[in-house]
Amino acid sequence: MRCKTDIVTTSNQHNLFPELAMSIFYFIEKLHQELVQQSINHIYFLSREGQPLLRMFEMYHERVGRGQIIPHYLEVSRRSTLLPSLAPLAEETFDTLFRQYRRISLFEFLSSLGLEVHTRSIAQALGMSDGADKIREDDFPSSSMFTALKALPQFQELYKFERTERRQAFISYLSQLTGETPPAQLVIVDVGWKGTIQDHLFAMLCRDDDTSVQAVTGFYIGLVAEGAAGPSNNKYGLLFSSVSEPSPKFHVFNENRALFEILLAADHGSIISYQRSPDGRAHAVRGDFEEHEMLETEVFPVQYQLFKHFERIVSRVPLLGSKHLLSFEEVVNAHARMVFKPSACERTWFSSVSHVENYGVFERSYFSTSEGRPSFVERLRFLIQLLQRRNLGTLGFWPWSMLYERGGALPAAIYAFIRRQQP
């Protein structure tokens, strides 16, 4: 199947969601302006979505040629940074994990700390039967299992050792990236949403006041929650944000955030921890690359076309730079086309990809919205249930697509119209 859209110059079958290049360019342009205005010299793109973002930033920076900005690729994940960011066990509440994930198992809790290899021995010490460590507790933080775990001497010693060792390994790894001590203000870049990794980094580097880092600043494509943001832990959603109040056309850019995550995929697995070798060098430890086959087959060919579109936009930038090559209205209209009027092959492709969660709950999410075409009665029942619940959160990753597939073209068109009219 071949698709055509307004900015496409080829009928390549992988030319899907090409307007995403415009949204990312608008973000990169604003990011570069912020860095130049604030005289920031070192920035750290967070893995994994930060890998293609860094490449795009380098394209733009090379073209513009303004500011002495050195980008770095910082290999992190919520999982790898959680344990070294935590306080001593007697003082720790695990808020950054439990604020989002409460219905989890012992295995998922230990995996979120990067301690999954110790699950069997800990489960045996707790007197659990085989397989019980995989059963989810309805509210793990208040469960008797969690209370018993924190009182277990084996876990206490493991927690204390690994927390300290991994923190020191990470600090060494961060220092190695610049060949010197980390900057007083650590400036990070990521796709965004809540900034959980930034909260981990801030706690790890700034809480005890024993590193050179005094503040962490995060620049994101989008933010939907502020997490533990504060005076020295600032977060900015440069394309869209709902923190304090929704930014202009928030509902357009917030529709199907998964598109950013999928198409900004990296070529390596998630980071699980940090280690120091005998020579003192530190490195990030990568986990299994579970998505490799799917990414190679479905995502990277589309990502390649995305880079081509981005390169074409960058080639139009004047050599000395330009404040706004694309107007905000252009970007909004282009993004709205993707999320509210996608082609048939774009919807088919989106249904063919998946996302692997490596934190909190460890499972694969599929973006397919339905199995077969629903009958008129099924569509009517779905719409009535939706109206009764009055909760768009039940519509999943891409509300418009769910409405289109399960409710029909008219409800989806009404929904899109309302979203586009919102400020």
# chains A, B, ... in the order shown; residues from 1 in each chain; ligands from 1
call {"tool": "closest_atom_pairs", "arguments": {"of": "stretch 234-275 of chain A", "to": "stretch 342-359 of chain A", "cutoff": "12 Å", "atoms": "only C-alpha atoms", "output": "JSON lines"}}
result
{"residue": "A:Asn256", "atom": "CA", "partner": "A:Phe350", "partner_atom": "CA", "distance": 10.5}
{"residue": "A:Ala258", "atom": "CA", "partner": "A:His355", "partner_atom": "CA", "distance": 8.9}
{"residue": "A:Leu259", "atom": "CA", "partner": "A:Phe350", "partner_atom": "CA", "distance": 8.4}
{"residue": "A:Phe260", "atom": "CA", "partner": "A:Phe350", "partner_atom": "CA", "distance": 11.9}
{"residue": "A:Glu261", "atom": "CA", "partner": "A:His355", "partner_atom": "CA", "distance": 8.7}
{"residue": "A:Ile262", "atom": "CA", "partner": "A:His355", "partner_atom": "CA", "distance": 7.5}
{"residue": "A:Leu263", "atom": "CA", "partner": "A:Val353", "partner_atom": "CA", "distance": 10.3}
{"residue": "A:Ala265", "atom": "CA", "partner": "A:His355", "partner_atom": "CA", "distance": 10.2}
{"residue": "A:Gly269", "atom": "CA", "partner": "A:Asn358", "partner_atom": "CA", "distance": 10.0}
{"residue": "A:Ser270", "atom": "CA", "partner": "A:Asn358", "partner_atom": "CA", "distance": 7.4}
{"residue": "A:Ile271", "atom": "CA", "partner": "A:Asn358", "partner_atom": "CA", "distance": 9.2}
{"residue": "A:Ile272", "atom": "CA", "partner": "A:Asn358", "partner_atom": "CA", "distance": 8.8}
call {"tool": "write_last_selection", "arguments": {"atoms": "C-alpha atoms", "output": "short mmCIF file (atom, residue, chain, number, x, y, z; two decimals), in the first residue's frame"}}
result
data_model
loop_
_atom_site.label_atom_id
_atom_site.label_comp_id
_atom_site.auth_asym_id
_atom_site.auth_seq_id
_atom_site.Cartn_x
_atom_site.Cartn_y
_atom_site.Cartn_z
CA ASN A 256 -1.22 10.07 20.23
CA ALA A 258 3.05 7.29 21.26
CA LEU A 259 3.97 8.44 17.73
CA PHE A 260 6.94 10.34 19.17
CA GLU A 261 8.06 7.37 21.25
CA ILE A 262 7.76 4.85 18.42
CA LEU A 263 9.40 6.87 15.65
CA ALA A 265 13.38 4.63 18.58
CA GLY A 269 18.03 -2.04 24.33
CA SER A 270 16.99 -0.33 27.53
CA ILE A 271 19.56 0.51 30.23
CA ILE A 272 19.25 -1.58 33.39
#
call {"tool": "residues_around", "arguments": {"residues": "A:Leu177", "least_positions_apart": "4", "cutoff": "12 Å", "atoms": "only C-alpha atoms", "output": "PyMOL selection string"}}
result
chain A and resi 42-45+70-75+170-173+181-183+281-284
call {"tool": "write_last_selection", "arguments": {"atoms": "C-alpha atoms", "output": "PDB file, in the first residue's frame"}}
result
ATOM      1  CA  HIS A  42      26.854  21.048  27.355  1.00  0.00           C
ATOM      2  CA  ILE A  43      23.557  19.234  26.894  1.00  0.00           C
ATOM      3  CA  TYR A  44      22.720  15.599  27.561  1.00  0.00           C
ATOM      4  CA  PHE A  45      20.218  13.762  25.366  1.00  0.00           C
ATOM      5  CA  ILE A  70      28.433  20.183  22.804  1.00  0.00           C
ATOM      6  CA  PRO A  71      25.749  17.460  22.867  1.00  0.00           C
ATOM      7  CA  HIS A  72      26.241  14.187  24.749  1.00  0.00           C
ATOM      8  CA  TYR A  73      24.281  10.931  24.707  1.00  0.00           C
ATOM      9  CA  LEU A  74      23.466   9.887  28.264  1.00  0.00           C
ATOM     10  CA  GLU A  75      22.385   6.244  28.539  1.00  0.00           C
ATOM     11  CA  PHE A 170      26.751   6.525  37.466  1.00  0.00           C
ATOM     12  CA  ILE A 171      28.586   9.612  38.733  1.00  0.00           C
ATOM     13  CA  SER A 172      31.805   8.233  37.228  1.00  0.00           C
ATOM     14  CA  TYR A 173      30.029   7.463  33.958  1.00  0.00           C
ATOM     15  CA  THR A 181      33.490  16.788  36.524  1.00  0.00           C
ATOM     16  CA  PRO A 182      29.794  17.193  35.567  1.00  0.00           C
ATOM     17  CA  PRO A 183      28.551  20.783  35.130  1.00  0.00           C
ATOM     18  CA  ARG A 281      35.998   3.063  34.131  1.00  0.00           C
ATOM     19  CA  ALA A 282      32.218   3.087  34.427  1.00  0.00           C
ATOM     20  CA  HIS A 283      29.629   2.144  31.853  1.00  0.00           C
ATOM     21  CA  ALA A 284      25.905   1.690  31.373  1.00  0.00           C
TER      22      ALA A 284
END
call {"tool": "select_by_dssp", "arguments": {"residues": "stretch 178-379 of chain A", "states": "helix (DSSP H, G or I)", "output": "number ranges by chain"}}
result
A: 178, 196-206, 250-254, 258-263, 292-314, 328-340, 344-352, 376-379
call {"tool": "residues_around", "arguments": {"residues": "A:Ala229", "least_positions_apart": "4", "cutoff": "9 Å", "atoms": "only C-alpha atoms", "output": "CSV table (one decimal) with N, CA and C atoms, in the first residue's frame"}}
result
chain,number,residue,atom,x,y,z
A,195,GLY,N,8.9,13.5,33.1
A,195,GLY,CA,10.2,13.8,33.6
A,195,GLY,C,10.7,13.0,34.7
A,198,GLN,N,14.5,12.7,35.1
A,198,GLN,CA,15.0,13.9,35.7
A,198,GLN,C,14.9,13.9,37.2
A,199,ASP,N,13.7,13.5,37.7
A,199,ASP,CA,13.6,13.5,39.1
A,199,ASP,C,14.6,12.5,39.8
A,233,ASN,N,15.1,22.1,40.0
A,233,ASN,CA,14.8,20.9,39.2
A,233,ASN,C,13.7,21.3,38.2
A,234,ASN,N,14.0,22.2,37.3
A,234,ASN,CA,13.1,22.8,36.3
A,234,ASN,C,12.8,22.0,35.1
A,235,LYS,N,11.6,22.0,34.7
A,235,LYS,CA,11.2,21.2,33.5
A,235,LYS,C,10.4,22.1,32.5
call {"tool": "atom_distance", "arguments": {"atom1": "atom CA of A:Phe289", "atom2": "atom CA of A:Asp267"}}
result
8.5 Å
call {"tool": "closest_atom_pairs", "arguments": {"of": "stretch 23-138 of chain A", "to": "stretch 310-320 of chain A", "cutoff": "9 Å", "atoms": "only C-alpha atoms", "output": "Markdown table"}}
result
| residue | atom | partner | partner_atom | distance |
| --- | --- | --- | --- | --- |
| A:Ile24 | CA | A:Phe310 | CA | 8.2 |
| A:Phe25 | CA | A:Phe310 | CA | 6.9 |
| A:Met56 | CA | A:Phe310 | CA | 7.5 |
| A:Met59 | CA | A:Val314 | CA | 7.3 |
| A:Tyr60 | CA | A:Val314 | CA | 6.1 |
| A:Arg63 | CA | A:Leu319 | CA | 5.9 |
| A:Val64 | CA | A:Leu319 | CA | 5.3 |
| A:Gly65 | CA | A:Leu320 | CA | 6.7 |
| A:Arg66 | CA | A:Leu320 | CA | 7.3 |
call {"tool": "write_last_selection", "arguments": {"atoms": "N, CA and C atoms", "output": "PDB file, in the first residue's frame"}}
result
ATOM      1  N   ILE A  24       8.974  18.026  15.233  1.00  0.00           N
ATOM      2  CA  ILE A  24      10.279  17.851  15.868  1.00  0.00           C
ATOM      3  C   ILE A  24      11.200  19.017  15.520  1.00  0.00           C
ATOM      4  N   PHE A  25      11.153  19.484  14.273  1.00  0.00           N
ATOM      5  CA  PHE A  25      11.968  20.631  13.893  1.00  0.00           C
ATOM      6  C   PHE A  25      11.606  21.851  14.734  1.00  0.00           C
ATOM      7  N   MET A  56      19.275  14.816  15.063  1.00  0.00           N
ATOM      8  CA  MET A  56      18.545  15.921  14.461  1.00  0.00           C
ATOM      9  C   MET A  56      19.069  17.268  14.972  1.00  0.00           C
ATOM     10  N   MET A  59      22.251  18.088  13.162  1.00  0.00           N
ATOM     11  CA  MET A  59      21.979  18.594  11.811  1.00  0.00           C
ATOM     12  C   MET A  59      21.650  20.082  11.860  1.00  0.00           C
ATOM     13  N   TYR A  60      20.760  20.428  12.772  1.00  0.00           N
ATOM     14  CA  TYR A  60      20.323  21.824  12.878  1.00  0.00           C
ATOM     15  C   TYR A  60      21.471  22.715  13.330  1.00  0.00           C
ATOM     16  N   ARG A  63      24.017  23.434  10.678  1.00  0.00           N
ATOM     17  CA  ARG A  63      23.512  24.365   9.671  1.00  0.00           C
ATOM     18  C   ARG A  63      23.507  25.807  10.197  1.00  0.00           C
ATOM     19  N   VAL A  64      23.052  25.968  11.449  1.00  0.00           N
ATOM     20  CA  VAL A  64      22.918  27.308  12.025  1.00  0.00           C
ATOM     21  C   VAL A  64      24.271  27.882  12.435  1.00  0.00           C
ATOM     22  N   GLY A  65      25.107  27.046  13.058  1.00  0.00           N
ATOM     23  CA  GLY A  65      26.452  27.484  13.430  1.00  0.00           C
ATOM     24  C   GLY A  65      26.516  28.549  14.491  1.00  0.00           C
ATOM     25  N   ARG A  66      25.543  28.562  15.394  1.00  0.00           N
ATOM     26  CA  ARG A  66      25.541  29.557  16.473  1.00  0.00           C
ATOM     27  C   ARG A  66      25.675  28.853  17.815  1.00  0.00           C
TER      28      ARG A  66
END
call {"tool": "closest_residue", "arguments": {"among": "A:Lys30, A:Arg166, A:His61, A:Arg55", "to": "A:Ile221", "atoms": "only C-alpha atoms"}}
result
A:Lys30
call {"tool": "closest_residue", "arguments": {"among": "A:Leu201, A:Val189, A:Met128, A:Leu110", "to": "A:Phe155", "atoms": "only C-alpha atoms"}}
result
A:Leu110
call {"tool": "closest_residue", "arguments": {"among": "A:His324, A:Arg373, A:Arg406, A:Arg207", "to": "A:Glu29", "atoms": "only C-alpha atoms"}}
result
A:His324
call {"tool": "residues_around", "arguments": {"residues": "A:Glu49", "least_positions_apart": "3", "cutoff": "8 Å", "atoms": "only C-alpha atoms", "output": "PyMOL selection string"}}
result
chain A and resi 46+52-53+190-191+261+264-266
call {"tool": "write_last_selection", "arguments": {"atoms": "N, CA and C atoms", "output": "short mmCIF file (atom, residue, chain, number, x, y, z; two decimals), in the first residue's frame"}}
result
data_model
loop_
_atom_site.label_atom_id
_atom_site.label_comp_id
_atom_site.auth_asym_id
_atom_site.auth_seq_id
_atom_site.Cartn_x
_atom_site.Cartn_y
_atom_site.Cartn_z
N LEU A 46 18.87 12.16 26.60
CA LEU A 46 18.63 10.93 27.33
C LEU A 46 18.20 9.80 26.41
N PRO A 52 17.91 9.58 18.29
CA PRO A 52 17.58 10.29 17.05
C PRO A 52 17.41 11.79 17.26
N LEU A 53 16.96 12.22 18.44
CA LEU A 53 16.84 13.65 18.70
C LEU A 53 18.21 14.33 18.66
N ASP A 190 14.84 15.30 26.39
CA ASP A 190 14.17 14.01 26.20
C ASP A 190 12.80 14.26 25.57
N VAL A 191 12.14 13.17 25.20
CA VAL A 191 10.82 13.30 24.61
C VAL A 191 9.82 13.81 25.64
N GLU A 261 7.27 8.43 20.62
CA GLU A 261 8.06 7.37 21.25
C GLU A 261 8.44 6.28 20.24
N LEU A 264 10.89 7.74 17.37
CA LEU A 264 12.19 8.17 17.89
C LEU A 264 12.87 7.00 18.60
N ALA A 265 12.78 5.84 18.00
CA ALA A 265 13.38 4.63 18.58
C ALA A 265 14.89 4.62 18.40
N ALA A 266 15.59 4.06 19.37
CA ALA A 266 17.05 3.92 19.31
C ALA A 266 17.41 2.52 18.80
#
call {"tool": "residues_around", "arguments": {"residues": "stretch 119-125 of chain A", "least_positions_apart": "6", "cutoff": "12 Å", "atoms": "only C-alpha atoms", "output": "MDAnalysis selection string"}}
result
chainID A and resid 105:113 131:135 145:146 148:159
call {"tool": "write_last_selection", "arguments": {"atoms": "C-alpha atoms", "output": "PDB file, in the first residue's frame"}}
result
ATOM      1  CA  SER A 105       4.325  -8.066  41.733  1.00  0.00           C
ATOM      2  CA  LEU A 106       7.443  -8.702  43.786  1.00  0.00           C
ATOM      3  CA  PHE A 107       9.283  -9.548  40.561  1.00  0.00           C
ATOM      4  CA  GLU A 108       8.189  -6.264  38.945  1.00  0.00           C
ATOM      5  CA  PHE A 109       9.202  -4.265  42.009  1.00  0.00           C
ATOM      6  CA  LEU A 110      12.672  -5.828  42.107  1.00  0.00           C
ATOM      7  CA  SER A 111      12.991  -5.494  38.319  1.00  0.00           C
ATOM      8  CA  SER A 112      12.203  -1.784  38.565  1.00  0.00           C
ATOM      9  CA  LEU A 113      15.178  -1.514  40.914  1.00  0.00           C
ATOM     10  CA  GLY A 131       5.599 -18.503  40.878  1.00  0.00           C
ATOM     11  CA  ALA A 132       4.145 -16.371  43.682  1.00  0.00           C
ATOM     12  CA  ASP A 133       6.698 -13.635  42.965  1.00  0.00           C
ATOM     13  CA  LYS A 134       4.967 -13.020  39.603  1.00  0.00           C
ATOM     14  CA  ILE A 135       1.489 -12.519  41.109  1.00  0.00           C
ATOM     15  CA  MET A 145       4.687  -8.731  51.223  1.00  0.00           C
ATOM     16  CA  PHE A 146       6.254  -5.291  50.882  1.00  0.00           C
ATOM     17  CA  ALA A 148       8.153  -8.298  54.938  1.00  0.00           C
ATOM     18  CA  LEU A 149      10.532  -7.451  52.114  1.00  0.00           C
ATOM     19  CA  LYS A 150      11.740  -4.252  53.788  1.00  0.00           C
ATOM     20  CA  ALA A 151      12.315  -6.164  57.035  1.00  0.00           C
ATOM     21  CA  LEU A 152      14.323  -8.926  55.316  1.00  0.00           C
ATOM     22  CA  PRO A 153      18.058  -8.639  56.208  1.00  0.00           C
ATOM     23  CA  GLN A 154      19.051 -10.104  52.826  1.00  0.00           C
ATOM     24  CA  PHE A 155      17.161  -7.355  50.984  1.00  0.00           C
ATOM     25  CA  GLN A 156      18.426  -4.663  53.338  1.00  0.00           C
ATOM     26  CA  GLU A 157      22.055  -5.553  52.636  1.00  0.00           C
ATOM     27  CA  LEU A 158      21.481  -5.918  48.897  1.00  0.00           C
ATOM     28  CA  TYR A 159      19.655  -2.593  48.722  1.00  0.00           C
TER      29      TYR A 159
END
call {"tool": "select_by_dssp", "arguments": {"residues": "stretch 170-251 of chain A", "states": "strand (DSSP E)", "output": "number ranges by chain"}}
result
A: 185-193, 215-223, 233-241
